[in-house]
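Notes for the one structure printed next.
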Amino acid sequence: MTTREIQDEIVRLKKEKNICVLAHAYMTRDICEVADYVGDSFGLSQQAAKGDADTVIMCGVRFMAETCKLLSPQKKVILSSPVAGCPMAEQIEKEELTALKETYPGYTMVCYINTTTDLKTECDVCVTSSSAVKIIKKIENDKILFVPDCNLGAFVKAQVPEKQFAFIRGGCPTHLRISVDDVKRAKELHPNALILMHPECHPRVAALADYLGSTTGIMDYAEKSEHKEFLIGTENSIIQHLQYLCPDKSFYPVSKDCVCHNMRVTTLMDVLRCVKGEGGEEIFLSDETMKKAKRCIDEMLRLG
């Protein structure tokens with residue numbers, strides 16, 4: 001089968017079976033083209049919750065499929081590739097988090113959306129990369145324990161200096177592959193390009209950005225900007241997507257090594273098998289787990 005034939009069959013089957021396909025922005029272009037929604041993880045889960053599809057296929061990683069199930073408990077949620085995990089989400093165990101709460105009494109536990117459902121059951125408030133500053137500013141407590149990404153945490157701390165923060169040494173191994181030297185070399189090659197970076201990058205790297213924001217924030221900035229050249233400091237799939245969206249502009253990687261292997265593991269054939277009912281993994285969460293984990297998401301929505 002050709003790529004187009006596979007895509008046509010996916011579109012036919014998802015309509016026939018009332019399936020919603022979600023694709024994180026780090027998915028390859030062939031998958032994004034057959035998705036009903038493309039974007040950041042939490043936004044995808046919100047879109048799925050609004051729709052009337054019976055089945056939702058998450059083309060992303062495990063914590064994203066779990067979040068989708070939290071927001072759509074009545075729907076069948078399928079993770080397109082069962083081996084697609086998130087190293088950052090898995091960096092800390094629930095027992096360690098419980099111990100941290102005892103180490104930092106009186107702190108509000110804030111978790112990044114990039115965490116497992118198990119961890120969310122122990123957290124007070126959840127945040128996304130685009131909402132973290134706004135949400136944390138609105139938390140009444142001035143003591144914040146932020147997990148797991150200390151780099152995103154540093155980005156928030158710089159903008160909310162009135163609060164006291166505690167972090168763990170966690171972060172995204174993909175974004176941490178970008179070094180200061182990478183940025184300098186890329187800028188030498190493309191001196192007129194603006195540098196757009198994700199706050200999961202190391203603070204020394206993030207400090208070199210002309211714009212610092214979430215994946216969708218980076219894409220929106222590039223689309224709306226009158227500038228014509230950009231260096232992209234996030235997962236390199238975004239370069240291809242932007243080339244399609246803005247063919248009159250030029251996009252270059254800050255680092256050729258900024259590639260998420262967990263995102264890359266999902267293929268178009270995986271999606272086809274899912275819509276056929278022959279592949280993927282259905283996400284199951286107990287009612288008690290969903291009730292406890294959803295509290296921190298509800299608090300995020302209440303605050304923001």
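Going by the structure tokens order, chains are called A, B, ..., each with residues numbered from 1, while ligands are numbered from 1 in the order shown.
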Any chance you could tabulate, as a tab-separated table, the residues of segment 162-224 of chain A at most 8 Å from segment 258-270 of chain A with each one's nearest atom pair and distance in Å to one decimal, using only C-alpha atoms, in chain and rising number order?
```
residue	atom	partner	partner_atom	distance
A:Thr174	CA	A:Cys258	CA	5.5
A:His175	CA	A:Cys258	CA	6.2
A:Arg177	CA	A:Cys258	CA	6.1
A:Ile178	CA	A:Cys258	CA	6.6
```
Distance query segment 237-246 of chain A at most 9 Å, only C-alpha atoms, self and fewer than 2 positions along chain excluded, as a compact mmCIF listing (two decimals) with N, CA and C atoms, in the first residue's frame:
```txt
# COMPACT_ATOMS: atom_id res chain seq x y z
N ALA A 25 1.70 17.02 18.27
CA ALA A 25 2.43 17.77 17.24
C ALA A 25 3.79 17.16 16.91
N TYR A 26 4.30 16.27 17.75
CA TYR A 26 5.58 15.63 17.46
C TYR A 26 5.44 14.40 16.57
N MET A 27 4.22 14.03 16.22
CA MET A 27 4.02 12.93 15.29
C MET A 27 4.49 13.33 13.89
N THR A 28 4.77 12.33 13.06
CA THR A 28 5.20 12.60 11.69
C THR A 28 4.04 13.14 10.86
N ARG A 29 4.37 13.77 9.76
CA ARG A 29 3.37 14.47 8.95
C ARG A 29 2.29 13.53 8.42
N THR A 215 4.98 24.04 22.54
CA THR A 215 5.06 23.62 21.14
C THR A 215 4.07 24.40 20.27
N ILE A 218 5.16 28.00 19.98
CA ILE A 218 6.22 28.17 18.98
C ILE A 218 5.64 28.21 17.58
N MET A 219 4.72 27.30 17.30
CA MET A 219 4.13 27.24 15.97
C MET A 219 3.29 28.49 15.68
N ALA A 222 5.62 31.48 15.01
CA ALA A 222 6.24 31.43 13.69
C ALA A 222 5.25 31.77 12.58
N GLU A 223 4.01 31.27 12.72
CA GLU A 223 2.99 31.54 11.71
C GLU A 223 2.64 33.03 11.64
N LEU A 231 15.06 29.47 13.83
CA LEU A 231 15.73 28.30 14.38
C LEU A 231 14.81 27.69 15.41
N ILE A 232 14.49 26.40 15.27
CA ILE A 232 13.50 25.74 16.13
C ILE A 232 14.20 24.89 17.18
N THR A 234 12.99 22.76 19.57
CA THR A 234 12.12 21.73 20.17
C THR A 234 12.18 20.52 19.24
N GLU A 235 11.37 19.51 19.48
CA GLU A 235 11.41 18.28 18.68
C GLU A 235 11.38 18.62 17.19
N ASP A 248 6.48 30.00 2.67
CA ASP A 248 7.23 31.21 2.31
C ASP A 248 8.31 31.55 3.33
N LYS A 249 8.42 30.73 4.39
CA LYS A 249 9.40 30.98 5.44
C LYS A 249 10.38 29.81 5.54
N SER A 250 11.52 30.04 6.20
CA SER A 250 12.55 29.00 6.33
C SER A 250 12.73 28.62 7.79
N PHE A 251 12.83 27.31 8.03
CA PHE A 251 12.95 26.79 9.39
C PHE A 251 14.14 25.83 9.47
N TYR A 252 14.92 25.95 10.55
CA TYR A 252 16.13 25.14 10.70
C TYR A 252 16.19 24.58 12.12
N PRO A 253 16.80 23.41 12.29
CA PRO A 253 16.93 22.85 13.65
C PRO A 253 18.05 23.53 14.42
N VAL A 259 15.41 14.82 18.92
CA VAL A 259 14.44 13.87 18.38
C VAL A 259 13.91 12.99 19.50
```
Of A:Cys111, A:Leu145, A:Ala154, A:Ala193, the one sitting nearest Asp210 of chain A when using only C-alpha atoms is A:Ala193
Tell me, which residues of segment 68-289 of chain A carry DSSP strand (DSSP E or B), written as a PyMOL selection string?
chain A and resi 76-79+108-112+125-127+143-147+149+164-167+170+194-197+211-212+229-233+250-253+281-282
If you keep N, CA and C atoms, can you produce a file of those selected residues as a compact mmCIF listing (two decimals), in the first residue's frame?
```txt
# COMPACT_ATOMS: atom_id res chain seq x y z
N LYS A 76 -13.78 4.66 24.88
CA LYS A 76 -12.69 3.71 24.72
C LYS A 76 -11.48 4.49 24.22
N VAL A 77 -10.37 4.46 24.97
CA VAL A 77 -9.17 5.20 24.60
C VAL A 77 -8.05 4.22 24.27
N ILE A 78 -7.47 4.40 23.09
CA ILE A 78 -6.42 3.51 22.62
C ILE A 78 -5.11 4.28 22.47
N LEU A 79 -4.03 3.74 23.02
CA LEU A 79 -2.70 4.28 22.77
C LEU A 79 -2.17 3.58 21.53
N THR A 108 2.45 23.60 48.15
CA THR A 108 1.46 23.11 47.20
C THR A 108 2.18 22.28 46.14
N MET A 109 1.75 21.04 45.97
CA MET A 109 2.38 20.13 45.01
C MET A 109 1.81 20.40 43.63
N VAL A 110 2.64 20.90 42.73
CA VAL A 110 2.24 21.19 41.36
C VAL A 110 2.94 20.22 40.41
N CYS A 111 2.16 19.54 39.60
CA CYS A 111 2.75 18.59 38.65
C CYS A 111 2.54 19.05 37.22
N TYR A 112 3.54 18.87 36.42
CA TYR A 112 3.47 19.11 34.98
C TYR A 112 2.53 18.06 34.39
N VAL A 125 -2.25 20.48 42.08
CA VAL A 125 -2.58 21.24 40.87
C VAL A 125 -1.73 20.72 39.72
N CYS A 126 -2.35 20.63 38.54
CA CYS A 126 -1.64 20.23 37.33
C CYS A 126 -1.46 21.48 36.46
N VAL A 127 -0.38 21.51 35.66
CA VAL A 127 -0.17 22.63 34.74
C VAL A 127 0.37 22.11 33.41
N LYS A 143 4.37 28.85 48.55
CA LYS A 143 5.38 27.79 48.53
C LYS A 143 4.95 26.71 47.53
N ILE A 144 5.78 26.49 46.51
CA ILE A 144 5.43 25.58 45.42
C ILE A 144 6.47 24.48 45.28
N LEU A 145 6.03 23.23 45.33
CA LEU A 145 6.88 22.09 45.01
C LEU A 145 6.50 21.65 43.60
N PHE A 146 7.41 21.84 42.64
CA PHE A 146 7.11 21.62 41.22
C PHE A 146 7.82 20.36 40.73
N VAL A 147 7.06 19.43 40.13
CA VAL A 147 7.64 18.19 39.59
C VAL A 147 7.06 17.93 38.19
N ASP A 149 9.86 18.51 36.01
CA ASP A 149 10.83 19.20 35.17
C ASP A 149 11.37 20.47 35.83
N GLN A 164 8.14 30.94 46.55
CA GLN A 164 9.29 30.10 46.89
C GLN A 164 9.10 28.74 46.23
N PHE A 165 10.12 28.26 45.50
CA PHE A 165 10.00 27.02 44.75
C PHE A 165 10.97 25.95 45.26
N ALA A 166 10.52 24.71 45.15
CA ALA A 166 11.38 23.54 45.37
C ALA A 166 11.22 22.63 44.15
N PHE A 167 12.33 22.03 43.71
CA PHE A 167 12.32 21.19 42.51
C PHE A 167 13.01 19.86 42.77
N GLY A 170 14.59 16.60 37.56
CA GLY A 170 13.93 15.91 36.47
C GLY A 170 13.91 16.77 35.23
N LEU A 194 15.35 34.01 13.89
CA LEU A 194 14.93 34.12 15.28
C LEU A 194 14.99 32.73 15.93
N ILE A 195 15.33 32.68 17.21
CA ILE A 195 15.45 31.41 17.93
C ILE A 195 14.19 31.19 18.76
N LEU A 196 13.45 30.13 18.42
CA LEU A 196 12.21 29.79 19.14
C LEU A 196 12.46 28.50 19.90
N MET A 197 12.29 28.54 21.24
CA MET A 197 12.65 27.38 22.06
C MET A 197 11.57 27.01 23.06
N TYR A 211 12.16 33.73 21.53
CA TYR A 211 10.81 33.40 22.04
C TYR A 211 10.91 32.07 22.75
N LEU A 212 10.28 31.99 23.93
CA LEU A 212 10.28 30.77 24.73
C LEU A 212 8.83 30.40 25.02
N GLU A 229 12.88 33.79 8.82
CA GLU A 229 13.78 32.69 9.15
C GLU A 229 13.72 32.38 10.65
N PHE A 230 13.71 31.07 10.96
CA PHE A 230 13.57 30.66 12.36
C PHE A 230 14.44 29.44 12.65
N LEU A 231 15.06 29.47 13.83
CA LEU A 231 15.73 28.30 14.38
C LEU A 231 14.81 27.69 15.41
N ILE A 232 14.49 26.40 15.27
CA ILE A 232 13.50 25.74 16.13
C ILE A 232 14.20 24.89 17.18
N GLY A 233 13.97 25.24 18.44
CA GLY A 233 14.58 24.53 19.56
C GLY A 233 13.57 23.67 20.29
N SER A 250 11.52 30.04 6.20
CA SER A 250 12.55 29.00 6.33
C SER A 250 12.73 28.62 7.79
N PHE A 251 12.83 27.31 8.03
CA PHE A 251 12.95 26.79 9.39
C PHE A 251 14.14 25.83 9.47
N TYR A 252 14.92 25.95 10.55
CA TYR A 252 16.13 25.14 10.70
C TYR A 252 16.19 24.58 12.12
N PRO A 253 16.80 23.41 12.29
CA PRO A 253 16.93 22.85 13.65
C PRO A 253 18.05 23.53 14.42
N GLU A 281 -3.16 -0.28 22.38
CA GLU A 281 -3.49 -0.79 23.72
C GLU A 281 -4.58 0.07 24.34
N GLU A 282 -5.65 -0.57 24.78
CA GLU A 282 -6.71 0.17 25.44
C GLU A 282 -6.25 0.58 26.84
```
Counting only C-alpha atoms, closest pick from A:Ile92, A:Val205, A:Ile283, A:Leu97 relative to Thr121 of chain A is A:Leu97
Counting only C-alpha atoms, the residue among A:Ser81, A:Asn151, A:Thr67, A:Asn18 that lies closest to Thr117 of chain A is A:Thr67
* Asked: Nearest to Ala206 of chain A: which of A:Ser131, A:Ser179, A:Ser80, A:Asn192 is it, counting only C-alpha atoms?
  ->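 Closest to Ala206 of chain A, using only C-alpha atoms: A:Ser179.
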Item to check | Spatial neighbours of segment 55-58 of chain A, max dist 10 Å, only C-alpha atoms, sep filter under 2 positions, as a ChimeraX atom specification | outcome: /A:14,17-24,35,41,44-45,48-49,51-53,60-62,64-66,68-69,72,74-81,271,274-275,280-282
Which of segment 1-60 of chain A fall in alpha helix (DSSP H), as JSON, numbers by chain:
{"A": [3, 4, 5, 6, 7, 8, 9, 10, 11, 12, 13, 14, 15, 16, 17, 29, 30, 31, 32, 41, 42, 43, 44, 45, 46, 47, 48, 49, 50]}
re atom CA of Ser255 of chain A and atom CA of Phe155 of chain A: distance 20.7 Å
Nearest to Lys134 of chain A, restricted to only C-alpha atoms and choosing among A:Lys120, A:Arg295, A:Lys101, A:Lys157, comes out as A:Lys157
Here is a test: counting only C-alpha atoms, which residue of A:Pro73, A:Tyr221, A:Arg169, A:Val156 is nearest to Lys291 of chain A?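 Checking each candidate against Lys291 of chain A, we get A:Pro73 as the closest.
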Excluding Leu208 of chain A and residues on its chain fewer than 4 positions from it, collect all residues at most 9 Å away from it, counting only C-alpha atoms, and give them as an mmCIF file with N, CA and C atoms, in the first residue's frame.
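out_4.cif written:
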```cif
data_model
loop_
_atom_site.group_PDB
_atom_site.id
_atom_site.type_symbol
_atom_site.label_atom_id
_atom_site.label_comp_id
_atom_site.auth_asym_id
_atom_site.auth_seq_id
_atom_site.Cartn_x
_atom_site.Cartn_y
_atom_site.Cartn_z
ATOM 1 N N VAL A 180 24.290 24.866 24.550
ATOM 2 C CA VAL A 180 24.596 26.261 24.211
ATOM 3 C C VAL A 180 25.415 26.308 22.919
ATOM 4 N N VAL A 183 23.253 26.033 19.866
ATOM 5 C CA VAL A 183 22.571 27.292 19.537
ATOM 6 C C VAL A 183 23.534 28.239 18.833
ATOM 7 N N LYS A 184 24.750 28.344 19.357
ATOM 8 C CA LYS A 184 25.733 29.255 18.761
ATOM 9 C C LYS A 184 26.091 28.847 17.339
ATOM 10 N N ILE A 195 15.331 32.681 17.209
ATOM 11 C CA ILE A 195 15.449 31.410 17.928
ATOM 12 C C ILE A 195 14.188 31.188 18.756
ATOM 13 N N MET A 197 12.286 28.538 21.242
ATOM 14 C CA MET A 197 12.654 27.385 22.057
ATOM 15 C C MET A 197 11.570 27.007 23.062
ATOM 16 N N PRO A 203 18.074 25.959 31.287
ATOM 17 C CA PRO A 203 17.984 27.423 31.422
ATOM 18 C C PRO A 203 19.064 28.200 30.672
ATOM 19 N N ARG A 204 20.288 27.666 30.611
ATOM 20 C CA ARG A 204 21.352 28.379 29.880
ATOM 21 C C ARG A 204 21.049 28.423 28.387
#
```
re atom CA of Gly217 of chain A and atom CA of Asn236 of chain A: distance 15.1 Å
